[in-house]
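Student: What follows is the file input.pdb, containing PDB, C-alpha atoms:
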```pdb
ATOM      1  CA  PHE A1320     -40.340  17.196 -67.036
ATOM      2  CA  SER A1321     -37.096  17.757 -65.152
ATOM      3  CA  MET A1322     -38.254  15.490 -62.313
ATOM      4  CA  PHE A1323     -38.460  12.589 -64.804
ATOM      5  CA  PHE A1324     -35.282  13.225 -66.777
ATOM      6  CA  GLY A1325     -32.955  14.395 -64.038
ATOM      7  CA  GLY A1326     -32.741  17.962 -65.185
ATOM      8  CA  GLY A1327     -33.703  19.485 -61.858
ATOM      9  CA  ARG A1328     -31.386  21.480 -59.682
ATOM     10  CA  GLY A1329     -29.436  19.630 -57.008
ATOM     11  CA  ARG A1330     -30.006  20.147 -53.347
ATOM     12  CA  SER A1331     -28.187  23.018 -51.740
ATOM     13  CA  ALA A1332     -25.247  21.966 -49.615
ATOM     14  CA  ALA A1333     -25.872  21.894 -45.865
ATOM     15  CA  PRO A1334     -23.997  24.537 -43.867
ATOM     16  CA  ARG A1335     -20.731  23.517 -42.324
ATOM     17  CA  LYS A1336     -20.687  22.681 -38.642
ATOM     18  CA  SER A1337     -18.415  24.521 -36.240
ATOM     19  CA  GLU A1338     -16.138  22.666 -33.865
ATOM     20  CA  SER A1339     -17.596  20.897 -30.830
ATOM     21  CA  VAL A1340     -16.501  21.443 -27.249
ATOM     22  CA  ASN A1341     -15.723  18.607 -24.797
ATOM     23  CA  HIS A1342     -16.009  18.973 -21.027
ATOM     24  CA  PRO A1343     -14.881  16.220 -18.599
ATOM     25  CA  LEU A1344     -17.532  15.186 -16.079
ATOM     26  CA  LYS A1345     -16.279  13.339 -13.010
ATOM     27  CA  VAL A1346     -18.863  10.809 -11.819
ATOM     28  CA  SER A1347     -18.762   8.415  -8.855
ATOM     29  CA  LEU A1348     -19.424   4.711  -9.300
ATOM     30  CA  GLU A1349     -22.529   5.123  -7.119
ATOM     31  CA  ASP A1350     -23.962   7.678  -9.560
ATOM     32  CA  LEU A1351     -23.179   5.445 -12.540
ATOM     33  CA  TYR A1352     -25.029   2.615 -10.768
ATOM     34  CA  ASN A1353     -28.088   4.626  -9.681
ATOM     35  CA  GLY A1354     -28.196   7.346 -12.340
ATOM     36  CA  LYS A1355     -27.962  11.078 -11.712
ATOM     37  CA  THR A1356     -29.020  14.458 -13.114
ATOM     38  CA  ALA A1357     -26.584  17.358 -12.767
ATOM     39  CA  LYS A1358     -27.241  21.006 -13.640
ATOM     40  CA  ILE A1359     -24.191  22.587 -15.253
ATOM     41  CA  ALA A1360     -23.831  26.204 -16.415
ATOM     42  CA  ILE A1361     -22.003  26.999 -19.658
ATOM     43  CA  ASN A1362     -21.111  30.297 -21.334
ATOM     44  CA  ARG A1363     -21.415  30.525 -25.112
ATOM     45  CA  GLN A1364     -21.250  33.127 -27.872
ATOM     46  CA  VAL A1365     -24.512  33.683 -29.789
ATOM     47  CA  ILE A1366     -25.161  35.811 -32.878
ATOM     48  CA  VAL A1367     -27.422  38.857 -32.539
ATOM     49  CA  GLY A1368     -29.485  39.530 -35.645
ATOM     50  CA  GLU A1369     -28.371  38.297 -39.063
ATOM     51  CA  SER A1370     -24.852  37.772 -40.259
ATOM     52  CA  LYS A1371     -23.665  39.606 -43.373
ATOM     53  CA  MET A1372     -21.182  38.639 -46.012
ATOM     54  CA  CYS A1373     -17.793  40.218 -45.498
ATOM     55  CA  THR A1374     -17.159  42.830 -48.194
ATOM     56  CA  ALA A1375     -13.409  42.740 -47.695
ATOM     57  CA  CYS A1376     -13.078  39.139 -48.874
ATOM     58  CA  ASP A1377     -16.446  38.660 -50.646
ATOM     59  CA  GLY A1378     -17.348  35.841 -48.269
ATOM     60  CA  GLN A1379     -14.209  33.797 -49.059
ATOM     61  CA  GLY A1380     -12.491  34.252 -45.700
ATOM     62  CA  VAL A1381      -9.201  34.971 -47.454
ATOM     63  CA  VAL A1382      -7.843  37.870 -49.477
ATOM     64  CA  LEU A1383      -5.288  37.835 -52.289
ATOM     65  CA  GLU A1384      -2.303  40.135 -52.319
ATOM     66  CA  LEU A1385       0.247  40.837 -55.036
ATOM     67  CA  ARG A1386       3.815  41.379 -53.930
ATOM     68  CA  GLN A1387       6.670  42.390 -56.235
ATOM     69  CA  ILE A1388       9.704  40.211 -55.542
ATOM     70  CA  ALA A1389      11.904  41.400 -58.420
ATOM     71  CA  LEU A1390      11.815  43.618 -61.458
ATOM     72  CA  GLY A1391       8.963  42.347 -63.605
ATOM     73  CA  MET A1392       8.169  39.485 -61.151
ATOM     74  CA  VAL A1393       5.077  39.522 -58.963
ATOM     75  CA  GLN A1394       4.111  36.933 -56.336
ATOM     76  CA  GLN A1395       0.476  36.270 -55.413
ATOM     77  CA  LEU A1396      -0.126  35.602 -51.723
ATOM     78  CA  GLN A1397      -3.237  34.452 -49.883
ATOM     79  CA  ARG A1398      -3.847  35.497 -46.313
ATOM     80  CA  ARG A1399      -6.650  35.232 -43.797
ATOM     81  CA  CYS A1400      -9.131  38.081 -43.861
ATOM     82  CA  THR A1401      -8.735  40.219 -40.754
ATOM     83  CA  GLU A1402     -12.172  41.814 -41.066
ATOM     84  CA  CYS A1403     -14.166  38.595 -40.540
ATOM     85  CA  GLY A1404     -11.494  36.442 -38.908
ATOM     86  CA  GLY A1405     -11.423  34.094 -41.892
ATOM     87  CA  GLN A1406     -15.124  33.170 -41.571
ATOM     88  CA  GLY A1407     -16.381  35.008 -44.642
ATOM     89  CA  TYR A1408     -19.259  36.568 -42.724
ATOM     90  CA  CYS A1409     -19.502  39.296 -40.122
ATOM     91  CA  ALA A1410     -21.894  39.288 -37.196
ATOM     92  CA  THR A1411     -22.560  40.892 -33.847
ATOM     93  CA  ARG A1412     -22.161  38.520 -30.926
ATOM     94  CA  LYS A1413     -23.086  38.445 -27.281
ATOM     95  CA  LYS A1414     -22.278  36.115 -24.384
ATOM     96  CA  GLU A1415     -25.069  33.827 -23.166
ATOM     97  CA  ARG A1416     -25.199  31.810 -19.963
ATOM     98  CA  LYS A1417     -27.060  28.521 -20.291
ATOM     99  CA  ILE A1418     -28.020  25.927 -17.657
ATOM    100  CA  LEU A1419     -27.881  22.381 -19.004
ATOM    101  CA  GLU A1420     -29.428  19.354 -17.305
ATOM    102  CA  VAL A1421     -26.944  16.522 -17.779
ATOM    103  CA  HIS A1422     -28.590  13.114 -17.353
ATOM    104  CA  VAL A1423     -26.123  10.410 -16.310
ATOM    105  CA  GLU A1424     -27.970   7.214 -17.133
ATOM    106  CA  LYS A1425     -27.594   3.952 -15.236
ATOM    107  CA  GLY A1426     -24.713   1.825 -16.445
ATOM    108  CA  MET A1427     -22.872   4.523 -18.406
ATOM    109  CA  LYS A1428     -19.153   3.889 -18.835
ATOM    110  CA  HIS A1429     -15.875   5.746 -18.566
ATOM    111  CA  ASN A1430     -15.273   8.140 -21.516
ATOM    112  CA  GLN A1431     -18.880   7.828 -22.707
ATOM    113  CA  LYS A1432     -20.216  10.992 -24.326
ATOM    114  CA  ILE A1433     -23.353  12.937 -23.344
ATOM    115  CA  PRO A1434     -24.005  15.342 -26.255
ATOM    116  CA  PHE A1435     -25.972  18.592 -26.402
ATOM    117  CA  ARG A1436     -26.573  19.349 -30.074
ATOM    118  CA  GLY A1437     -25.901  22.863 -31.315
ATOM    119  CA  MET A1438     -24.929  24.291 -27.921
ATOM    120  CA  ALA A1439     -21.380  25.365 -28.801
ATOM    121  CA  ASP A1440     -20.489  28.914 -29.896
ATOM    122  CA  GLU A1441     -22.483  30.200 -32.859
ATOM    123  CA  LYS A1442     -20.509  31.247 -35.933
ATOM    124  CA  PRO A1443     -21.760  33.071 -39.044
ATOM    125  CA  ASN A1444     -23.092  30.896 -41.882
ATOM    126  CA  MET A1445     -22.266  27.728 -39.899
ATOM    127  CA  GLU A1446     -24.253  25.241 -37.867
ATOM    128  CA  ALA A1447     -23.314  25.477 -34.192
ATOM    129  CA  GLY A1448     -21.222  22.603 -32.898
ATOM    130  CA  ASP A1449     -22.083  20.375 -29.951
ATOM    131  CA  VAL A1450     -21.215  20.547 -26.279
ATOM    132  CA  ASN A1451     -20.177  17.084 -25.118
ATOM    133  CA  PHE A1452     -19.785  15.990 -21.516
ATOM    134  CA  ILE A1453     -17.285  13.129 -21.277
ATOM    135  CA  ILE A1454     -17.815  10.830 -18.289
ATOM    136  CA  GLN A1455     -14.739  10.350 -16.110
ATOM    137  CA  GLU A1456     -15.394   7.469 -13.713
ATOM    138  CA  LYS A1457     -13.897   7.993 -10.264
ATOM    139  CA  GLU A1458     -12.022   5.177  -8.555
ATOM    140  CA  HIS A1459     -13.934   3.406  -5.787
ATOM    141  CA  ASP A1460     -12.498   2.283  -2.460
ATOM    142  CA  LEU A1461     -14.178  -1.137  -2.534
ATOM    143  CA  PHE A1462     -15.383  -1.990  -6.046
ATOM    144  CA  LYS A1463     -13.459  -2.340  -9.294
ATOM    145  CA  ARG A1464     -15.453  -2.183 -12.517
ATOM    146  CA  LYS A1465     -15.028  -3.755 -15.942
ATOM    147  CA  GLY A1466     -17.972  -3.442 -18.301
ATOM    148  CA  ALA A1467     -21.101  -4.434 -16.363
ATOM    149  CA  ASP A1468     -19.173  -6.583 -13.847
ATOM    150  CA  LEU A1469     -17.896  -5.520 -10.439
ATOM    151  CA  LEU A1470     -15.034  -7.018  -8.429
ATOM    152  CA  ILE A1471     -14.133  -6.910  -4.747
ATOM    153  CA  THR A1472     -11.219  -8.499  -2.900
ATOM    154  CA  LYS A1473     -11.813 -10.426   0.318
ATOM    155  CA  THR A1474      -9.108 -11.745   2.635
ATOM    156  CA  LEU A1475     -10.075 -14.753   4.765
ATOM    157  CA  SER A1476      -8.333 -16.451   7.629
ATOM    158  CA  LEU A1477      -7.466 -20.125   7.151
ATOM    159  CA  ASN A1478     -10.231 -20.940   9.635
ATOM    160  CA  GLU A1479     -12.809 -19.057   7.518
ATOM    161  CA  ALA A1480     -11.526 -20.585   4.278
ATOM    162  CA  LEU A1481     -11.965 -24.118   5.660
ATOM    163  CA  CYS A1482     -14.868 -23.807   8.078
ATOM    164  CA  GLY A1483     -17.032 -21.131   6.479
ATOM    165  CA  PHE A1484     -17.475 -17.367   6.493
ATOM    166  CA  GLU A1485     -20.066 -14.623   6.347
ATOM    167  CA  TRP A1486     -19.685 -10.889   5.899
ATOM    168  CA  ILE A1487     -21.784  -7.846   4.948
ATOM    169  CA  VAL A1488     -21.162  -5.827   1.776
ATOM    170  CA  LYS A1489     -22.775  -2.411   1.348
ATOM    171  CA  HIS A1490     -23.712  -2.156  -2.323
ATOM    172  CA  LEU A1491     -23.635   0.965  -4.498
ATOM    173  CA  ASP A1492     -27.360   1.555  -4.038
ATOM    174  CA  GLY A1493     -27.128   1.374  -0.247
ATOM    175  CA  ARG A1494     -28.399  -2.212   0.105
ATOM    176  CA  GLU A1495     -26.584  -4.525   2.502
ATOM    177  CA  ILE A1496     -25.823  -7.992   1.154
ATOM    178  CA  ALA A1497     -24.719 -10.869   3.385
ATOM    179  CA  ILE A1498     -22.267 -13.015   1.450
ATOM    180  CA  LYS A1499     -22.140 -16.447   3.036
ATOM    181  CA  SER A1500     -20.328 -19.666   2.164
ATOM    182  CA  LYS A1501     -22.242 -22.863   1.531
ATOM    183  CA  PRO A1502     -21.894 -25.813   3.974
ATOM    184  CA  GLY A1503     -18.725 -27.707   3.168
ATOM    185  CA  GLU A1504     -17.465 -25.029   0.728
ATOM    186  CA  VAL A1505     -13.676 -24.576   0.810
ATOM    187  CA  ILE A1506     -11.977 -21.404  -0.403
ATOM    188  CA  LYS A1507      -8.540 -22.055  -1.837
ATOM    189  CA  PRO A1508      -5.572 -19.698  -1.843
ATOM    190  CA  GLU A1509      -4.812 -18.054  -5.187
ATOM    191  CA  ALA A1510      -2.587 -20.248  -7.317
ATOM    192  CA  SER A1511      -0.766 -17.277  -8.859
ATOM    193  CA  ALA A1512      -1.263 -13.605  -9.606
ATOM    194  CA  SER A1513      -2.584 -14.502 -13.072
ATOM    195  CA  HIS A1514      -4.909 -17.250 -11.767
ATOM    196  CA  PRO A1515      -6.597 -15.974  -8.597
ATOM    197  CA  PHE A1516      -9.332 -17.923  -6.845
ATOM    198  CA  VAL A1517     -12.587 -16.183  -7.804
ATOM    199  CA  LYS A1518     -16.307 -16.775  -7.246
ATOM    200  CA  ILE A1519     -19.318 -14.674  -8.242
ATOM    201  CA  VAL A1520     -22.565 -13.397  -6.826
ATOM    202  CA  PRO A1521     -24.827 -13.524  -9.903
ATOM    203  CA  ASN A1522     -26.718 -10.395 -11.022
ATOM    204  CA  GLU A1523     -25.146  -8.092  -8.442
ATOM    205  CA  GLY A1524     -22.917  -6.151 -10.855
ATOM    206  CA  MET A1525     -23.612  -2.889 -12.705
ATOM    207  CA  PRO A1526     -26.856  -2.268 -14.601
ATOM    208  CA  SER A1527     -26.462  -2.528 -18.380
ATOM    209  CA  HIS A1528     -26.700   0.838 -20.120
ATOM    210  CA  GLY A1529     -29.946   0.977 -22.080
ATOM    211  CA  ASN A1530     -31.284  -2.098 -20.280
ATOM    212  CA  PRO A1531     -30.754  -1.416 -16.563
ATOM    213  CA  PHE A1532     -32.816  -4.386 -15.389
ATOM    214  CA  VAL A1533     -30.109  -6.719 -16.750
ATOM    215  CA  LYS A1534     -27.087  -6.586 -14.473
ATOM    216  CA  GLY A1535     -23.610  -8.016 -14.554
ATOM    217  CA  ASN A1536     -22.051 -10.166 -11.848
ATOM    218  CA  LEU A1537     -20.211  -9.358  -8.646
ATOM    219  CA  TYR A1538     -16.841 -11.107  -8.646
ATOM    220  CA  VAL A1539     -15.141 -11.900  -5.337
ATOM    221  CA  LEU A1540     -11.380 -12.428  -5.472
ATOM    222  CA  PHE A1541     -10.305 -14.396  -2.402
ATOM    223  CA  ARG A1542      -7.017 -14.307  -0.570
ATOM    224  CA  VAL A1543      -6.306 -16.680   2.326
ATOM    225  CA  GLU A1544      -4.072 -15.696   5.225
ATOM    226  CA  PHE A1545      -2.131 -18.652   6.596
ATOM    227  CA  PRO A1546      -0.712 -18.728  10.125
ATOM    228  CA  THR A1547       2.869 -17.504  10.376
ATOM    229  CA  ASP A1548       5.732 -19.512  11.848
ATOM    230  CA  GLY A1549       5.220 -20.177  15.547
ATOM    231  CA  ASP A1550       1.494 -19.307  15.601
ATOM    232  CA  LEU A1551       0.409 -22.902  16.136
ATOM    233  CA  THR A1552       1.265 -24.722  19.340
ATOM    234  CA  LYS A1553       2.155 -28.417  19.347
ATOM    235  CA  LYS A1554      -1.250 -29.125  20.790
ATOM    236  CA  ASN A1555      -2.969 -27.273  17.934
ATOM    237  CA  VAL A1556      -0.831 -29.010  15.322
ATOM    238  CA  TYR A1557      -1.699 -32.414  16.815
ATOM    239  CA  ALA A1558      -5.412 -31.522  16.796
ATOM    240  CA  LEU A1559      -5.265 -30.342  13.176
ATOM    241  CA  LYS A1560      -3.566 -33.551  12.101
ATOM    242  CA  LYS A1561      -6.446 -35.461  13.596
ATOM    243  CA  LEU A1562      -9.096 -33.256  11.994
ATOM    244  CA  LEU A1563      -7.755 -32.481   8.515
ATOM    245  CA  PRO A1564      -7.546 -35.076   5.732
ATOM    246  CA  SER A1565      -4.264 -36.493   4.349
ATOM    247  CA  PRO A1566      -1.908 -35.834   7.289
ATOM    248  CA  ALA A1567       1.833 -36.276   6.787
ATOM    249  CA  MET A1568       2.934 -39.872   7.358
ATOM    250  CA  ASP A1569       5.812 -40.624   9.703
ATOM    251  CA  ILE A1570       8.834 -42.084   7.913
ATOM    252  CA  SER A1571      11.670 -44.098   9.453
ATOM    253  CA  TYR A1572      15.323 -43.491   8.634
ATOM    254  CA  ASP A1573      18.751 -43.682  10.271
ATOM    255  CA  PRO A1574      19.851 -40.158  11.278
ATOM    256  CA  GLU A1575      23.456 -41.307  10.921
ATOM    257  CA  GLU A1576      22.925 -42.199   7.261
ATOM    258  CA  VAL A1577      20.336 -39.579   6.117
ATOM    259  CA  GLU A1578      20.893 -35.832   6.056
ATOM    260  CA  VAL A1579      18.046 -33.676   7.418
ATOM    261  CA  ALA A1580      17.430 -30.396   5.520
ATOM    262  CA  HIS A1581      15.193 -27.501   6.547
ATOM    263  CA  LEU A1582      13.531 -24.942   4.265
ATOM    264  CA  GLU A1583      14.252 -21.215   4.096
ATOM    265  CA  HIS A1584      12.372 -18.360   2.445
ATOM    266  CA  ALA A1585      13.154 -17.817  -1.231
ATOM    267  CA  ASP A1586      12.088 -15.897  -4.350
ATOM    268  CA  VAL A1587      11.383 -17.855  -7.535
ATOM    269  CA  LYS A1588      12.868 -14.947  -9.514
ATOM    270  CA  ASN A1589      16.270 -16.058  -8.278
ATOM    271  CA  PHE A1590      15.863 -19.516  -9.805
ATOM    272  CA  GLY A1591      18.909 -20.176 -11.976
ATOM    273  CA  LYS A1592      21.103 -17.607 -10.214
ATOM    274  CA  GLY A1593      22.595 -19.958  -7.622
ATOM    275  CA  GLY A1594      26.213 -21.031  -7.339
ATOM    276  CA  ALA A1595      29.363 -19.010  -7.731
ATOM    277  CA  THR A1596      29.469 -16.166 -10.244
ATOM    278  CA  SER A1597      31.563 -17.224 -13.227
ATOM    279  CA  THR A1598      33.791 -14.677 -14.980
ATOM    280  CA  ASP A1599      35.511 -17.065 -17.400
ATOM    281  CA  ASN A1600      33.380 -17.826 -20.431
ATOM    282  CA  ASN A1601      36.106 -19.505 -22.481
ATOM    283  CA  TYR A1602      35.485 -23.151 -23.232
ATOM    284  CA  ASP A1603      37.772 -25.585 -25.003
ATOM    285  CA  SER A1604      36.685 -26.648 -28.463
ATOM    286  CA  ASP A1605      37.981 -29.400 -30.684
ATOM    287  CA  ASP A1606      37.297 -27.243 -33.742
ATOM    288  CA  GLU A1607      39.540 -24.331 -32.769
ATOM    289  CA  GLU A1608      43.265 -24.241 -32.228
ATOM    290  CA  GLY A1609      44.186 -22.397 -29.085
ATOM    291  CA  PRO A1610      47.562 -20.820 -28.378
ATOM    292  CA  GLY A1611      50.356 -23.207 -27.509
ATOM    293  CA  GLN A1612      48.883 -26.239 -29.341
ATOM    294  CA  VAL A1613      51.461 -28.570 -30.813
ATOM    295  CA  GLN A1614      51.197 -29.160 -34.552
ATOM    296  CA  CYS A1615      52.589 -32.312 -36.128
ATOM    297  CA  GLN A1616      54.226 -32.155 -39.536
ATOM    298  CA  GLN A1617      54.850 -35.209 -41.630
ATOM    299  CA  SER A1618      57.997 -35.375 -43.633
TER     300      SER A1618
END
```
Before we go any further, please render this structure as C-alpha cells.
Tutor:
Amino acid sequence: FSMFFGGGRGRSAAPRKSESVNHPLKVSLEDLYNGKTAKIAINRQVIVGESKMCTACDGQGVVLELRQIALGMVQQLQRRCTECGGQGYCATRKKERKILEVHVEKGMKHNQKIPFRGMADEKPNMEAGDVNFIIQEKEHDLFKRKGADLLITKTLSLNEALCGFEWIVKHLDGREIAIKSKPGEVIKPEASASHPFVKIVPNEGMPSHGNPFVKGNLYVLFRVEFPTDGDLTKKNVYALKKLLPSPAMDISYDPEEVEVAHLEHADVKNFGKGGATSTDNNYDSDDEEGPGQVQCQQS
C-alpha cells in the first residue's frame, strides 16, 4: 500500500562527484575547419579493490577534539581526519596510464569543451570527475575567425581597385579559390577604421559545428594603395583626367587679388589645438567686481 499512499522509502542519494580536470588543447584553424582526432595520454589514480569506511572518523572525514582553555572551560574543535585525508573512506590506489582519443569536430570554437566522463582520479565513495579538453584556437597568418565567418585583408593598387583584380587564396582545406572582381566593379578605400570597405564570398567560411554542410561567409576587407606624391608624371595626370569621370574644372582668378594655398599633411587628432597656447584663463565679468574698480556712493 505504500506505493499508493506515499509511505515508501525515498531514493538513496547519488554519490558525490569528485572535481574535474581541465587540460588546454591547442588546435590550428585548419584542424577546426577539417576536423581532427588526437591521441593523448593521461595519468590517473584508480582504486584497487573496495574502499572501507575510516574507523578514525567513522566515515565523517573530520574528528572532534576537546581542548581545555581555562579551569572548568573546554573548547570543542573540529579538524580534518589525517587517516583518510578528510574523505571518510580509505582505499588502496595505483597509477594508471590511459590513452584518450580526442575528436575535434568540424566548426568547434575557442574555449569549447570536449569532456571524458569519469576519467579523473577515483576517490573513495565518490563518482569520478571528468577530464575536459578545452580548445585553444591558434592564431592564423591569413584568416581571422568570428563564429562561422572568416575574414581576410586584401590590399589593392589604385589600378586594381578601378580596373579589376584577381588573386588566388589557399583555403583551410587546401583548395585554391580565385577571387575575381566583376566587370565594372569598383573597390573603394575604407571610409574609416570603424567602417571599412568589405565584400563577401558566400559559403566559404567555417563549417557550423553540428551541421558542417552549412558554412559561414568569407569576408574580404579591402585597402586601396594610392600613388604617393610625385609618382604620376604630367603626361599620366593628363591621361587620367581624360579617362576618369568628374575631372577638376579650371577656374579663373586674378593672382594679384586671390591668395593661393597649398595643403600639408595633418592629423585630425590635432583639430582644435591650433593657435597660440593661452596661459591666462581670467575673463572679465559684469557680475564680479575685480580689484581696482571704482565704486560710486550717493550722498
Student: I would like the residues chosen by the PyMOL selection byres ((chain A and resi 1415) around 6) on the shown file; could you give them as a list of chain:residue names?
Tutor: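 Written out, the selection comes to A:Asn1362, A:Arg1363, A:Lys1414, A:Arg1416.
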Student: Given the file above and the PyMOL selection byres ((chain A and resi 1368-1381) around 8), which residues are selected, and can you give them as a PyMOL selection string?
Tutor: chain A and resi 1366-1367+1382-1383+1397-1400+1402-1411+1443-1444
Student: Rounded to one decimal place, report the atom CA of Lys1345 of chain A-atom CA of Glu1420 of chain A distance in Å.
Tutor: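 For atom CA of Lys1345 of chain A relative to atom CA of Glu1420 of chain A, the distance reads 15.1 Å.
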Student: Nearest to Gly1483 of chain A: which of A:Gln1387, A:Gly1503, A:Glu1456, A:Gly1466 is it, counting only C-alpha atoms?
Tutor: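 Of A:Gln1387, A:Gly1503, A:Glu1456, A:Gly1466, the one nearest Gly1483 of chain A is A:Gly1503, counting only C-alpha atoms.
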Student: Name the residues that the PyMOL selection byres ((chain A and resi 1439) around 10) picks from the file above, as a list in words, using the file's chain letters and numbers.
Tutor: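 In the shown coordinates, the PyMOL selection byres ((chain A and resi 1439) around 10) covers Ser1337, Glu1338, Ser1339, Val1340, Asn1341, Ile1361, Asn1362, Arg1363, Gln1364, Val1365, Phe1435, Arg1436, Gly1437, Met1438, Asp1440, Glu1441, Lys1442, Glu1446, Ala1447, Gly1448, Asp1449, Val1450 and Asn1451 of chain A.
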Student: Rebuild segment 1429-1437 of chain A so that it carries all heavy atoms, then output the result as a CSV table (one decimal), in the coordinates of the input.
Tutor:
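Wrote result08.csv, looks like this:
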```
chain,number,residue,atom,x,y,z
A,1429,HIS,N,-17.0,4.8,-18.5
A,1429,HIS,CA,-15.9,5.7,-18.6
A,1429,HIS,C,-15.7,6.2,-20.0
A,1429,HIS,O,-15.7,5.4,-20.9
A,1429,HIS,CB,-14.6,5.1,-18.0
A,1429,HIS,CG,-13.4,6.0,-17.9
A,1429,HIS,ND1,-13.4,7.1,-17.1
A,1429,HIS,CD2,-12.3,6.0,-18.6
A,1429,HIS,CE1,-12.2,7.7,-17.3
A,1429,HIS,NE2,-11.5,7.1,-18.2
A,1430,ASN,N,-15.5,7.5,-20.2
A,1430,ASN,CA,-15.3,8.1,-21.5
A,1430,ASN,C,-16.5,8.1,-22.4
A,1430,ASN,O,-16.4,8.5,-23.6
A,1430,ASN,CB,-14.1,7.5,-22.3
A,1430,ASN,CG,-12.8,7.9,-21.7
A,1430,ASN,OD1,-12.6,9.0,-21.1
A,1430,ASN,ND2,-11.7,7.1,-21.9
A,1431,GLN,N,-17.7,7.8,-21.9
A,1431,GLN,CA,-18.9,7.8,-22.7
A,1431,GLN,C,-19.3,9.3,-22.8
A,1431,GLN,O,-19.1,10.1,-21.9
A,1431,GLN,CB,-20.0,7.0,-22.1
A,1431,GLN,CG,-21.2,6.8,-23.0
A,1431,GLN,CD,-22.1,5.6,-22.5
A,1431,GLN,OE1,-21.7,4.9,-21.6
A,1431,GLN,NE2,-23.2,5.5,-23.1
A,1432,LYS,N,-19.9,9.6,-24.0
A,1432,LYS,CA,-20.2,11.0,-24.3
A,1432,LYS,C,-21.7,11.3,-24.1
A,1432,LYS,O,-22.6,10.5,-24.5
A,1432,LYS,CB,-19.8,11.2,-25.8
A,1432,LYS,CG,-20.0,12.7,-26.3
A,1432,LYS,CD,-19.8,12.8,-27.8
A,1432,LYS,CE,-18.4,12.4,-28.2
A,1432,LYS,NZ,-18.2,12.5,-29.6
A,1433,ILE,N,-22.0,12.4,-23.5
A,1433,ILE,CA,-23.4,12.9,-23.3
A,1433,ILE,C,-23.4,14.2,-24.2
A,1433,ILE,O,-22.9,15.3,-23.7
A,1433,ILE,CB,-23.7,13.2,-21.9
A,1433,ILE,CG1,-23.5,11.9,-21.0
A,1433,ILE,CG2,-25.2,13.7,-21.8
A,1433,ILE,CD1,-23.7,12.2,-19.5
A,1434,PRO,N,-24.0,14.2,-25.4
A,1434,PRO,CA,-24.0,15.3,-26.3
A,1434,PRO,C,-25.2,16.3,-26.1
A,1434,PRO,O,-26.3,15.9,-25.8
A,1434,PRO,CB,-24.0,14.7,-27.6
A,1434,PRO,CG,-24.8,13.4,-27.4
A,1434,PRO,CD,-24.6,13.0,-26.0
A,1435,PHE,N,-24.9,17.6,-26.3
A,1435,PHE,CA,-26.0,18.6,-26.4
A,1435,PHE,C,-25.8,19.2,-27.8
A,1435,PHE,O,-24.9,20.0,-28.0
A,1435,PHE,CB,-25.9,19.6,-25.3
A,1435,PHE,CG,-26.3,19.1,-23.9
A,1435,PHE,CD1,-25.5,18.3,-23.1
A,1435,PHE,CD2,-27.6,19.4,-23.5
A,1435,PHE,CE1,-25.9,17.8,-21.9
A,1435,PHE,CE2,-28.0,18.9,-22.3
A,1435,PHE,CZ,-27.2,18.1,-21.5
A,1436,ARG,N,-26.7,18.9,-28.7
A,1436,ARG,CA,-26.6,19.3,-30.1
A,1436,ARG,C,-26.7,20.9,-30.2
A,1436,ARG,O,-27.6,21.5,-29.6
A,1436,ARG,CB,-27.6,18.7,-30.9
A,1436,ARG,CG,-27.7,17.1,-30.8
A,1436,ARG,CD,-26.4,16.5,-31.3
A,1436,ARG,NE,-26.5,15.0,-31.2
A,1436,ARG,CZ,-25.5,14.2,-31.4
A,1436,ARG,NH1,-24.3,14.7,-31.7
A,1436,ARG,NH2,-25.6,12.9,-31.3
A,1437,GLY,N,-25.8,21.4,-31.0
A,1437,GLY,CA,-25.9,22.9,-31.3
A,1437,GLY,C,-25.7,23.8,-30.2
A,1437,GLY,O,-26.2,25.0,-30.3
```
